[in-house]
file final_32.txt (compact mmCIF, C-alpha atoms)
# COMPACT_ATOMS: atom_id res chain seq x y z
CA MET A 9 15.88 4.23 18.34
CA LYS A 10 12.47 5.75 17.63
CA VAL A 11 9.44 4.04 19.14
CA THR A 12 5.76 4.91 18.72
CA ILE A 13 3.60 3.49 21.50
CA VAL A 14 -0.17 3.42 21.02
CA ASN A 15 -2.05 2.80 24.25
CA GLY A 16 -5.54 1.49 23.56
CA SER A 17 -6.92 1.20 27.09
CA PRO A 18 -10.46 2.56 26.78
CA ASP A 19 -11.12 3.88 30.29
CA ASP A 20 -9.67 4.71 33.72
CA LYS A 21 -9.92 1.09 34.85
CA TRP A 22 -6.44 0.66 33.34
CA SER A 23 -4.95 3.88 34.74
CA LYS A 24 -2.26 2.04 36.76
CA PHE A 25 -0.94 0.48 33.53
CA GLU A 26 -1.16 3.85 31.82
CA ASN A 27 0.78 5.58 34.60
CA ALA A 28 3.46 2.88 34.53
CA LEU A 29 3.67 3.26 30.75
CA ASP A 30 4.09 7.04 30.97
CA ARG A 31 6.73 6.74 33.71
CA THR A 32 8.71 4.15 31.76
CA ALA A 33 8.45 6.11 28.51
CA LYS A 34 9.88 9.19 30.28
CA LYS A 35 12.76 7.12 31.65
CA LEU A 36 13.50 5.53 28.26
CA SER A 37 13.31 8.94 26.55
CA LYS A 38 16.75 9.78 27.94
CA GLU A 39 18.24 7.23 25.52
CA HIS A 40 15.55 6.83 22.88
CA ASP A 41 12.96 8.84 20.97
CA ILE A 42 9.71 7.59 22.52
CA SER A 43 6.22 8.90 21.66
CA VAL A 44 3.21 7.66 23.62
CA PHE A 45 -0.33 8.17 22.33
CA ASN A 46 -3.27 7.50 24.64
CA VAL A 47 -6.12 6.81 22.23
CA LYS A 48 -8.92 7.54 24.70
CA ASP A 49 -7.65 11.12 25.10
CA MET A 50 -7.49 11.72 21.35
CA ASP A 51 -10.07 12.67 18.77
CA ILE A 52 -9.89 9.73 16.35
CA SER A 53 -12.73 8.40 14.22
CA PHE A 54 -13.22 4.79 13.23
CA CYS A 55 -12.14 3.94 9.67
CA CYS A 56 -15.25 4.20 7.44
CA GLY A 57 -13.89 2.01 4.63
CA CYS A 58 -14.22 4.71 1.95
CA TYR A 59 -10.75 4.06 0.44
CA SER A 60 -10.25 7.80 -0.06
CA CYS A 61 -6.73 7.28 1.29
CA TRP A 62 -6.09 4.95 -1.65
CA THR A 63 -8.08 6.42 -4.52
CA LYS A 64 -8.81 10.11 -3.90
CA THR A 65 -6.12 11.64 -1.69
CA PRO A 66 -3.39 8.95 -1.73
CA GLY A 67 -1.83 8.52 1.71
CA ARG A 68 -4.27 10.89 3.43
CA CYS A 69 -7.39 9.85 5.32
CA ILE A 70 -10.73 11.53 4.71
CA PHE A 71 -10.90 12.30 8.47
CA LYS A 72 -8.82 15.24 9.63
CA ASP A 73 -8.29 14.22 13.22
CA ASP A 74 -5.57 13.23 15.70
CA MET A 75 -4.68 10.08 13.76
CA GLU A 76 -2.31 12.20 11.68
CA LYS A 77 -0.10 12.59 14.77
CA ILE A 78 0.19 8.82 15.16
CA ILE A 79 0.91 8.21 11.48
CA ARG A 80 3.54 10.99 11.33
CA SER A 81 5.30 9.35 14.25
CA ALA A 82 4.83 5.74 13.08
CA VAL A 83 6.25 6.22 9.57
CA LYS A 84 9.52 7.48 11.07
CA SER A 85 9.73 4.83 13.79
CA ASP A 86 11.77 1.68 14.13
CA LEU A 87 9.02 0.11 16.20
CA LEU A 88 5.25 0.60 16.42
CA LEU A 89 4.13 -0.86 19.72
CA TYR A 90 0.50 -1.34 20.73
CA THR A 91 -0.42 -1.68 24.40
CA SER A 92 -3.89 -2.94 25.20
CA PRO A 93 -6.01 -4.73 27.74
CA VAL A 94 -7.72 -7.92 26.61
CA ILE A 95 -11.42 -7.20 26.24
CA THR A 96 -13.88 -9.78 24.93
CA GLY A 97 -11.03 -12.09 24.01
CA PHE A 98 -9.01 -9.66 21.92
CA ILE A 99 -7.33 -6.22 21.89
CA SER A 100 -9.64 -3.32 22.73
CA ALA A 101 -11.81 -1.65 20.08
CA ASP A 102 -9.76 1.53 20.59
CA THR A 103 -6.57 -0.36 19.75
CA LYS A 104 -8.17 -2.00 16.72
CA LYS A 105 -9.44 1.37 15.55
CA ILE A 106 -5.84 2.59 15.28
CA MET A 107 -4.71 -0.54 13.42
CA ASP A 108 -7.51 0.12 10.90
CA ARG A 109 -6.55 3.76 10.46
CA ILE A 110 -2.96 2.80 9.55
CA LEU A 111 -4.38 1.81 6.13
CA PRO A 112 -3.09 4.97 4.33
CA CYS A 113 0.46 3.66 5.00
CA ALA A 114 -0.19 0.80 2.58
CA LEU A 115 -0.65 1.09 -1.17
CA PRO A 116 -3.90 -0.26 -2.68
CA PHE A 117 -2.07 -2.55 -5.10
CA ILE A 118 -1.73 -6.26 -4.41
CA ARG A 119 1.53 -8.15 -4.77
CA ASN A 120 2.61 -11.73 -4.23
CA PHE A 121 4.73 -11.91 -1.08
CA ASN A 122 5.91 -15.46 -0.46
CA GLY A 123 2.84 -16.97 -2.08
CA GLU A 124 0.26 -14.71 -0.37
CA CYS A 125 -1.44 -11.55 -1.53
CA HIS A 126 -0.40 -8.46 0.42
CA HIS A 127 -0.28 -4.72 -0.08
CA PRO A 128 3.08 -3.02 -0.63
CA SER A 129 4.08 -0.30 1.83
CA ARG A 130 3.64 3.35 0.85
CA TYR A 131 6.65 4.40 2.90
CA GLU A 132 10.20 3.20 2.57
CA ASN A 133 10.53 2.84 6.32
CA GLU A 134 8.56 -0.16 7.60
CA PRO A 135 8.49 -0.18 11.41
CA ASP A 136 8.58 -3.44 13.28
CA LEU A 137 5.41 -4.26 15.18
CA GLY A 138 4.72 -5.22 18.75
CA VAL A 139 2.04 -5.66 21.35
CA ILE A 140 2.08 -5.58 25.13
CA LEU A 141 -1.10 -6.99 26.65
CA TYR A 142 -2.10 -5.72 30.08
CA ASP A 143 -2.21 -8.79 32.27
CA ASP A 144 -4.86 -8.26 34.92
CA GLY A 145 -4.74 -11.93 35.88
CA LYS A 146 -7.69 -12.78 33.67
CA ILE A 147 -6.04 -13.28 30.26
CA ASP A 148 -6.73 -16.76 28.90
CA GLU A 149 -4.35 -18.57 26.55
CA THR A 150 -6.81 -18.53 23.62
CA SER A 151 -7.18 -14.74 23.69
CA LYS A 152 -3.44 -14.24 24.09
CA GLY A 153 -2.71 -16.62 21.20
CA LEU A 154 -5.23 -14.84 18.96
CA VAL A 155 -3.69 -11.42 19.63
CA PHE A 156 -0.12 -12.64 19.18
CA ASP A 157 -1.01 -14.45 15.94
CA THR A 158 -2.74 -11.29 14.69
CA ILE A 159 0.48 -9.34 15.23
CA ASP A 160 2.27 -11.98 13.16
CA ARG A 161 -0.30 -11.59 10.38
CA LEU A 162 -0.06 -7.79 10.57
CA SER A 163 3.70 -8.03 10.31
CA LEU A 164 3.23 -9.78 6.94
CA ASN A 165 0.90 -7.07 5.65
CA PHE A 166 3.11 -4.26 6.95
CA HIS A 167 6.38 -6.02 6.09
CA ALA A 168 7.83 -5.86 9.58
CA ASP A 169 11.02 -7.85 10.09
CA ARG A 170 10.49 -8.46 13.79
CA THR A 171 7.65 -8.58 16.27
CA ILE A 172 7.37 -8.16 20.02
CA LYS A 173 4.55 -10.09 21.72
CA VAL A 174 4.46 -10.00 25.51
CA THR A 175 2.14 -9.59 28.47
CA ALA A 176 2.84 -7.38 31.47
CA THR A 177 1.24 -6.84 34.85
CA GLU A 178 0.90 -3.36 36.32
CA GLU A 179 3.80 -4.26 38.62
CA ASN A 180 6.24 -5.42 35.94
CA LEU A 181 5.17 -3.29 32.94
CA SER A 182 8.15 -0.93 33.41
CA GLU A 183 10.58 -3.80 33.58
CA VAL A 184 9.06 -5.57 30.54
CA LEU A 185 9.00 -2.43 28.40
CA GLU A 186 12.52 -1.42 29.39
CA ASN A 187 13.85 -4.89 28.61
CA GLU A 188 12.09 -5.05 25.25
CA ILE A 189 13.40 -1.64 24.15
CA ARG A 190 16.91 -2.08 25.55
CA ASN A 191 17.33 -5.59 24.10
CA TYR A 192 15.84 -4.65 20.77
CA MET B 16 -38.34 -17.50 13.40
CA LYS B 17 -36.87 -14.12 14.25
CA LEU B 18 -33.57 -13.72 12.38
CA GLY B 19 -31.17 -11.06 13.59
CA ILE B 20 -28.56 -9.76 11.15
CA ILE B 21 -25.58 -7.86 12.50
CA ASN B 22 -23.84 -5.93 9.75
CA GLY B 23 -20.28 -5.28 10.96
CA SER B 24 -19.13 -3.25 7.99
CA PRO B 25 -17.76 0.28 8.49
CA ARG B 26 -19.66 1.11 5.29
CA GLY B 27 -23.01 0.28 6.88
CA LYS B 28 -25.96 0.10 4.50
CA LYS B 29 -23.79 0.68 1.40
CA SER B 30 -21.56 -2.30 2.12
CA ASN B 31 -20.68 -5.59 0.51
CA SER B 32 -21.75 -7.13 3.85
CA ASN B 33 -25.25 -5.81 3.25
CA THR B 34 -25.37 -7.29 -0.26
CA ILE B 35 -24.08 -10.65 1.03
CA SER B 36 -26.70 -10.79 3.81
CA ASP B 37 -29.40 -9.94 1.24
CA TRP B 38 -28.23 -12.82 -0.96
CA ILE B 39 -28.35 -15.20 2.02
CA THR B 40 -31.85 -14.19 3.03
CA GLU B 41 -33.32 -13.82 -0.47
CA ASP B 42 -35.16 -17.18 -0.40
CA ILE B 43 -36.10 -17.24 3.28
CA LYS B 44 -37.24 -13.68 3.87
CA LYS B 45 -40.88 -14.76 3.29
CA TYR B 46 -40.64 -17.20 6.19
CA VAL B 47 -38.63 -15.29 8.77
CA ASP B 48 -38.96 -11.99 10.56
CA ILE B 49 -35.67 -10.20 9.84
CA LYS B 50 -34.19 -7.52 12.08
CA LYS B 51 -31.01 -5.92 10.78
CA VAL B 52 -28.64 -3.77 12.86
CA PHE B 53 -25.38 -2.01 12.03
CA ALA B 54 -22.18 -2.02 14.13
CA LYS B 55 -21.36 1.33 12.54
CA ASP B 56 -24.36 2.84 14.33
CA ILE B 57 -22.48 3.23 17.62
CA LYS B 58 -25.03 5.58 19.21
CA ASN B 59 -27.65 2.85 18.94
CA HIS B 60 -25.57 -0.14 20.05
CA LYS B 61 -27.65 -0.56 23.19
CA LYS B 62 -30.91 -0.70 21.24
CA SER B 63 -29.35 -2.90 18.53
CA ILE B 64 -28.18 -5.37 21.14
CA GLU B 65 -31.62 -5.44 22.78
CA ASP B 66 -33.07 -6.21 19.35
CA MET B 67 -30.55 -9.03 18.79
CA CYS B 68 -31.27 -10.52 22.24
CA ASN B 69 -34.85 -11.01 21.11
CA CYS B 70 -33.89 -13.00 18.01
CA ASP B 71 -33.91 -16.79 17.64
CA TYR B 72 -30.88 -16.89 15.37
CA ILE B 73 -28.10 -14.39 14.64
CA LEU B 74 -26.24 -13.98 11.36
CA MET B 75 -23.21 -11.74 11.65
CA VAL B 76 -21.64 -10.51 8.41
CA PHE B 77 -18.49 -8.41 8.34
CA PRO B 78 -15.30 -7.76 6.38
CA LEU B 79 -11.76 -8.71 7.29
CA TYR B 80 -10.08 -5.48 8.30
CA THR B 81 -6.30 -5.25 8.72
CA ASP B 82 -6.12 -8.94 9.66
CA ALA B 83 -9.06 -8.99 12.09
CA MET B 84 -12.51 -7.46 12.56
CA SER B 85 -12.94 -3.67 12.16
CA GLY B 86 -12.87 -1.39 15.20
CA TYR B 87 -16.64 -0.91 14.89
CA THR B 88 -17.23 -4.67 14.92
CA LYS B 89 -14.89 -5.14 17.88
CA LEU B 90 -16.85 -2.53 19.83
CA PHE B 91 -20.08 -4.36 19.00
CA PHE B 92 -18.56 -7.64 20.25
CA GLU B 93 -17.59 -5.88 23.51
CA ASN B 94 -21.11 -4.54 23.95
CA MET B 95 -22.59 -7.96 23.20
CA GLU B 96 -20.48 -9.46 25.96
CA ARG B 97 -21.99 -6.96 28.40
CA ALA B 98 -25.39 -8.53 27.60
CA ARG B 99 -24.05 -12.09 27.53
CA ASP B 100 -26.75 -13.51 29.79
CA SER B 101 -29.36 -12.55 27.21
CA PHE B 102 -27.43 -14.24 24.37
CA ALA B 103 -26.50 -17.48 26.14
CA GLY B 104 -27.49 -20.54 24.12
CA ASN B 105 -28.66 -18.60 21.05
CA PRO B 106 -27.32 -19.80 17.68
CA ILE B 107 -24.91 -17.58 15.76
CA LEU B 108 -23.45 -17.95 12.26
CA PHE B 109 -20.60 -15.78 10.99
CA ILE B 110 -19.79 -14.68 7.45
CA ILE B 111 -16.35 -13.10 6.97
CA HIS B 112 -15.47 -11.65 3.60
CA SER B 113 -12.36 -9.96 2.27
CA GLY B 114 -10.91 -8.41 -0.86
CA PHE B 115 -8.09 -10.93 -0.87
CA PRO B 116 -8.84 -14.00 -2.97
CA GLU B 117 -7.48 -16.48 -0.40
CA ALA B 118 -9.39 -17.65 2.66
CA ALA B 119 -6.11 -18.11 4.55
CA HIS B 120 -6.15 -14.41 5.52
CA SER B 121 -9.43 -14.86 7.41
CA ARG B 122 -8.69 -18.09 9.32
CA LEU B 123 -7.45 -16.24 12.38
CA LEU B 124 -10.66 -14.24 12.52
CA GLU B 125 -12.62 -17.47 12.17
CA ARG B 126 -10.81 -18.69 15.31
CA TYR B 127 -11.83 -15.49 17.07
CA CYS B 128 -15.49 -15.95 16.10
CA LYS B 129 -15.50 -19.37 17.73
CA HIS B 130 -13.77 -17.94 20.80
CA PHE B 131 -16.25 -15.05 21.00
CA SER B 132 -19.18 -17.49 20.82
CA SER B 133 -17.80 -19.36 23.81
CA ILE B 134 -17.19 -16.10 25.75
CA VAL B 135 -20.85 -15.11 25.41
CA GLY B 136 -22.09 -18.69 25.66
CA MET B 137 -23.69 -18.70 22.21
CA ASP B 138 -24.25 -21.76 20.04
CA TYR B 139 -21.55 -21.45 17.34
CA LYS B 140 -23.02 -22.60 14.03
CA GLY B 141 -19.95 -22.03 11.89
CA CYS B 142 -18.08 -19.44 9.91
CA ILE B 143 -18.22 -18.94 6.17
CA ILE B 144 -15.29 -17.23 4.49
CA LEU B 145 -15.79 -15.38 1.24
CA GLY B 146 -12.81 -14.12 -0.77
CA GLY B 147 -12.60 -11.44 -3.46
CA SER B 148 -15.59 -9.58 -2.04
CA GLU B 149 -14.51 -6.05 -2.97
CA ALA B 150 -15.58 -6.89 -6.54
CA ILE B 151 -19.22 -7.25 -5.39
CA MET B 152 -19.56 -3.48 -5.27
CA HIS B 153 -18.04 -2.94 -8.71
CA ALA B 154 -19.01 -5.89 -10.92
CA PRO B 155 -22.45 -6.89 -12.27
CA HIS B 156 -24.18 -9.36 -9.95
CA GLN B 157 -24.59 -12.01 -12.68
CA TYR B 158 -20.80 -12.44 -12.34
CA PHE B 159 -21.50 -13.91 -8.88
CA LYS B 160 -24.38 -16.18 -9.94
CA LYS B 161 -22.90 -19.38 -8.45
CA LYS B 162 -21.97 -17.67 -5.20
CA ILE B 163 -25.44 -16.12 -4.91
CA GLU B 164 -27.05 -19.56 -5.40
CA ALA B 165 -24.73 -21.15 -2.83
CA LEU B 166 -25.41 -18.40 -0.29
CA GLY B 167 -29.15 -18.73 -0.87
CA SER B 168 -28.83 -22.43 -0.19
CA LEU B 169 -26.92 -21.70 3.03
CA GLY B 170 -29.68 -19.30 3.98
CA ARG B 171 -32.27 -22.06 3.67
CA LYS B 172 -30.24 -24.12 6.15
CA ILE B 173 -30.61 -21.32 8.69
CA LEU B 174 -34.29 -22.24 8.88
CA THR B 175 -33.36 -25.67 10.19
CA GLU B 176 -30.62 -24.26 12.44
CA GLU B 177 -28.05 -26.63 10.98
CA THR B 178 -24.44 -26.43 12.02
CA PHE B 179 -22.37 -25.76 8.93
CA SER B 180 -19.77 -28.32 8.02
CA LYS B 181 -16.41 -27.65 6.40
CA GLU B 182 -17.86 -28.65 3.01
CA ASP B 183 -20.83 -26.28 3.38
CA VAL B 184 -18.59 -23.32 3.95
CA LYS B 185 -16.58 -23.84 0.78
CA LEU B 186 -18.45 -21.66 -1.66
CA PRO B 187 -17.93 -21.89 -5.43
CA GLY B 188 -14.53 -20.41 -6.28
CA HIS B 189 -13.23 -20.95 -2.75
CA LYS B 190 -9.45 -20.64 -2.60
CA GLU B 191 -7.74 -21.53 0.65
CA THR B 192 -4.38 -20.32 -0.63
CA LEU B 193 -3.28 -18.49 -3.73
CA PRO B 194 -3.57 -20.85 -6.76
CA LEU B 195 -0.25 -21.45 -8.53
CA LEU B 196 -1.43 -19.85 -11.76
CA THR B 197 -2.65 -16.69 -9.99
CA SER B 198 0.57 -16.62 -8.01
CA PHE B 199 2.57 -16.86 -11.23
CA PHE B 200 0.62 -14.03 -12.89
CA LEU B 201 0.95 -11.79 -9.82
CA LYS B 202 4.70 -12.36 -9.79
CA THR B 203 5.20 -12.03 -13.53
CA PHE B 204 2.71 -9.29 -14.41
CA PRO B 205 2.10 -7.38 -11.15
CA SER B 206 0.80 -4.32 -12.95
CA LEU B 207 -2.15 -6.29 -14.43
CA ASN B 208 -3.57 -6.37 -10.94
CA ASP B 209 -3.24 -2.57 -10.68
CA ILE B 210 -5.73 -1.88 -13.47
CA PHE B 211 -8.73 -1.54 -11.15
CA TRP B 212 -7.01 0.71 -8.61
CA ASN B 213 -5.38 2.82 -11.31
CA SER B 214 -8.76 3.37 -12.97
CA GLN B 215 -10.17 4.57 -9.64
CA LEU B 216 -7.19 6.88 -9.13
CA LYS B 217 -7.52 8.28 -12.64
CA LYS B 218 -11.25 8.83 -12.18
CA ASN B 219 -10.44 10.95 -9.13
CA ASN B 220 -7.53 12.83 -10.79
CA ALA B 221 -5.22 11.28 -8.22
CA PHE B 222 -3.19 8.91 -10.39
CA GLU B 223 -0.06 11.07 -10.40
CA GLN B 224 -0.10 11.14 -6.58
CA ARG B 225 -0.63 7.39 -6.18
CA TYR B 226 2.72 6.88 -4.43
CA ALA B 227 2.46 10.08 -2.32
CA ARG B 228 4.05 10.01 1.14
CA PRO B 229 2.37 12.95 2.85
CA TYR B 230 3.65 12.20 6.35
CA GLU B 231 7.33 11.54 5.61
call {"tool": "encode", "arguments": {"input": "final_32.txt", "output": "structure tokens"}}
result
Amino acid sequence: MKVTIVNGSPDDKWSKFENALDRTAKKLSKEHDISVFNVKDMDISFCCGCYSCWTKTPGRCIFKDDMEKIIRSAVKSDLLLYTSPVITGFISADTKKIMDRILPCALPFIRNFNGECHHPSRYENEPDLGVILYDDGKIDETSKGLVFDTIDRLSLNFHADRTIKVTATEENLSEVLENEIRNY
Amino acid sequence: MKLGIINGSPRGKKSNSNTISDWITEDIKKYVDIKKVFAKDIKNHKKSIEDMCNCDYILMVFPLYTDAMSGYTKLFFENMERARDSFAGNPILFIIHSGFPEAAHSRLLERYCKHFSSIVGMDYKGCIILGGSEAIMHAPHQYFKKKIEALGSLGRKILTEETFSKEDVKLPGHKETLPLLTSFFLKTFPSLNDIFWNSQLKKNNAFEQRYARPYE
């Protein structure tokens, strides 16, 4: 199974989660193809909304930066998993930035999918989507519900068959991630 | 009244958000002192937030972006929370627009806007959802005459700091879900909907590559 993990923790405050994520990814790599991307260590611009990836260079973003590495991995994956702290009631801006930059993987055209307008996928492979929220003991139910519901909405736009939506503390992140991947 | 406008579009000054905020303030700009800031201008977030703290009323306009706010807008929200004491109690009205015709896509983001207002302790005045907004940039503005009038009328209500009711926020042409007829046409003649995008692709000599998969 190929898994792309995008870690959107913006600073070292979340380093314990990040270390646990790296350790677990290494362990799981013995059985699976796991790629972890730490957004804060990468050179990735915010999407500027120019639609070049739809109308000028189809499938390619106007920015030549590290996002290409994530997209190359994601389009071949069975699962695209975001890990993020909850900041200001939602996933971090760094995590959202990556969700925005996935746009070249969709086609500009609009189709009717079960009575709603959505974009068809550019690639034949459509990875399932997931999120693991870093539970620092301060996550409220409203924020958690908003993030989980957003993953459900994203799964409609990116035609994912399944979603993973969980929280994990720094102590049980390894266990949660291992269980989710092994039971997938 | 000092009216602060936060433009959350990744396109900044050349955005549909900017046009929409201009339509809202068209009639009231003589009576209010308007300060506009851009979430895209990351280097100046600190100054922008100081400017917004000094306003009596905040209007935040931004597009739906992959099912939520854009990364730029999310960063602005995070930076606003850092200054939450200065925003507490101030009124805020949100306008969310999207290229999709149905408002249903933006309802989740509407929930977030309400949640955000409570996080920073602001006085949530409502959230207006505008569908089909990508056309604003490409079609003549007389095509949007009814919407422009309705937004101008909403703008006048800002002066009285009214809280917007569910009826207020339904602009002319509002579609909560895809109308049956549109749904039928999209199912039966999907390529009709491609005309706009295909014309853009052709203009850029990229039509033949429209289904390209460069990262496969």
call {"tool": "interface_residues", "arguments": {"input": "final_32.txt", "of": "chain B", "to": "chain A", "cutoff": "8 Å", "atoms": "all atoms listed in the file", "output": "ChimeraX atom specification"}}
result
/B:25-26,80-83,85-87,89-90,92-93,96,115-117,123,126-127,130-131,134,192-193,198,201-202,205,208-209,212,215-216,219-221,224-231
call {"tool": "write_last_selection", "arguments": {"input": "final_32.txt", "atoms": "C-alpha atoms", "output": "compact mmCIF listing (two decimals), in the frame of the given file"}}
result
# COMPACT_ATOMS: atom_id res chain seq x y z
CA PRO B 25 -17.76 0.28 8.49
CA ARG B 26 -19.66 1.11 5.29
CA TYR B 80 -10.08 -5.48 8.30
CA THR B 81 -6.30 -5.25 8.72
CA ASP B 82 -6.12 -8.94 9.66
CA ALA B 83 -9.06 -8.99 12.09
CA SER B 85 -12.94 -3.67 12.16
CA GLY B 86 -12.87 -1.39 15.20
CA TYR B 87 -16.64 -0.91 14.89
CA LYS B 89 -14.89 -5.14 17.88
CA LEU B 90 -16.85 -2.53 19.83
CA PHE B 92 -18.56 -7.64 20.25
CA GLU B 93 -17.59 -5.88 23.51
CA GLU B 96 -20.48 -9.46 25.96
CA PHE B 115 -8.09 -10.93 -0.87
CA PRO B 116 -8.84 -14.00 -2.97
CA GLU B 117 -7.48 -16.48 -0.40
CA LEU B 123 -7.45 -16.24 12.38
CA ARG B 126 -10.81 -18.69 15.31
CA TYR B 127 -11.83 -15.49 17.07
CA HIS B 130 -13.77 -17.94 20.80
CA PHE B 131 -16.25 -15.05 21.00
CA ILE B 134 -17.19 -16.10 25.75
CA THR B 192 -4.38 -20.32 -0.63
CA LEU B 193 -3.28 -18.49 -3.73
CA SER B 198 0.57 -16.62 -8.01
CA LEU B 201 0.95 -11.79 -9.82
CA LYS B 202 4.70 -12.36 -9.79
CA PRO B 205 2.10 -7.38 -11.15
CA ASN B 208 -3.57 -6.37 -10.94
CA ASP B 209 -3.24 -2.57 -10.68
CA TRP B 212 -7.01 0.71 -8.61
CA GLN B 215 -10.17 4.57 -9.64
CA LEU B 216 -7.19 6.88 -9.13
CA ASN B 219 -10.44 10.95 -9.13
CA ASN B 220 -7.53 12.83 -10.79
CA ALA B 221 -5.22 11.28 -8.22
CA GLN B 224 -0.10 11.14 -6.58
CA ARG B 225 -0.63 7.39 -6.18
CA TYR B 226 2.72 6.88 -4.43
CA ALA B 227 2.46 10.08 -2.32
CA ARG B 228 4.05 10.01 1.14
CA PRO B 229 2.37 12.95 2.85
CA TYR B 230 3.65 12.20 6.35
CA GLU B 231 7.33 11.54 5.61
call {"tool": "axis_aligned_box", "arguments": {"input": "final_32.txt", "around": "stretch 97-101 of chain A", "padding_each_side": "8 Å", "output": "JSON"}}
result
{"center_x": -9.6, "center_y": -6.9, "center_z": 22.0, "size_x": 20.5, "size_y": 26.4, "size_z": 19.9}
call {"tool": "closest_residue", "arguments": {"input": "final_32.txt", "among": "B:Ser214, B:Ser133, B:Asn94, B:Asn105", "to": "B:Gly19", "atoms": "all atoms listed in the file"}}
result
B:Asn105
call {"tool": "closest_residue", "arguments": {"input": "final_32.txt", "among": "A:Ala168, A:Ile78, A:Val184, A:Ile70", "to": "A:Tyr142", "atoms": "only C-alpha atoms"}}
result
A:Val184
call {"tool": "closest_residue", "arguments": {"input": "final_32.txt", "among": "A:Val47, A:Ile42, A:Ala28, A:Ile189", "to": "A:Ala176", "atoms": "only C-alpha atoms"}}
result
A:Ala28
call {"tool": "residues_around", "arguments": {"input": "final_32.txt", "residues": "stretch 155-158 of chain B", "least_positions_apart": "2", "cutoff": "12 Å", "atoms": "only C-alpha atoms", "output": "tab-separated table (two decimals) with C-alpha atoms, keeping the file's coordinate frame"}}
result
chain	number	residue	atom	x	y	z
B	31	ASN	CA	-20.68	-5.59	0.51
B	34	THR	CA	-25.37	-7.29	-0.26
B	35	ILE	CA	-24.08	-10.65	1.03
B	38	TRP	CA	-28.23	-12.82	-0.96
B	148	SER	CA	-15.59	-9.58	-2.04
B	150	ALA	CA	-15.58	-6.89	-6.54
B	151	ILE	CA	-19.22	-7.25	-5.39
B	152	MET	CA	-19.56	-3.48	-5.27
B	153	HIS	CA	-18.04	-2.94	-8.71
B	160	LYS	CA	-24.38	-16.18	-9.94
B	161	LYS	CA	-22.90	-19.38	-8.45
B	162	LYS	CA	-21.97	-17.67	-5.20
B	163	ILE	CA	-25.44	-16.12	-4.91
B	164	GLU	CA	-27.05	-19.56	-5.40
B	188	GLY	CA	-14.53	-20.41	-6.28
call {"tool": "closest_residue", "arguments": {"input": "final_32.txt", "among": "B:Gly114, B:Leu108, B:Arg97, B:Ser30", "to": "A:His127", "atoms": "all atoms listed in the file"}}
result
B:Gly114
call {"tool": "atom_distance", "arguments": {"input": "final_32.txt", "atom1": "atom CA of A:Lys10", "atom2": "atom CA of A:Glu179"}}
result
24.8 Å
call {"tool": "residues_around", "arguments": {"input": "final_32.txt", "residues": "B:Glu176", "least_positions_apart": "6", "cutoff": "10 Å", "atoms": "only C-alpha atoms", "output": "list in words"}}
result
Asp71, Tyr72, Pro106, Ile107, Leu108, Lys140 and Gly170 of chain B
call {"tool": "atom_distance", "arguments": {"input": "final_32.txt", "atom1": "atom CA of A:His167", "atom2": "atom CA of B:Ser121"}}
result
18.2 Å
call {"tool": "atom_distance", "arguments": {"input": "final_32.txt", "atom1": "atom CA of B:Val76", "atom2": "atom CA of B:Leu195"}}
result
29.4 Å
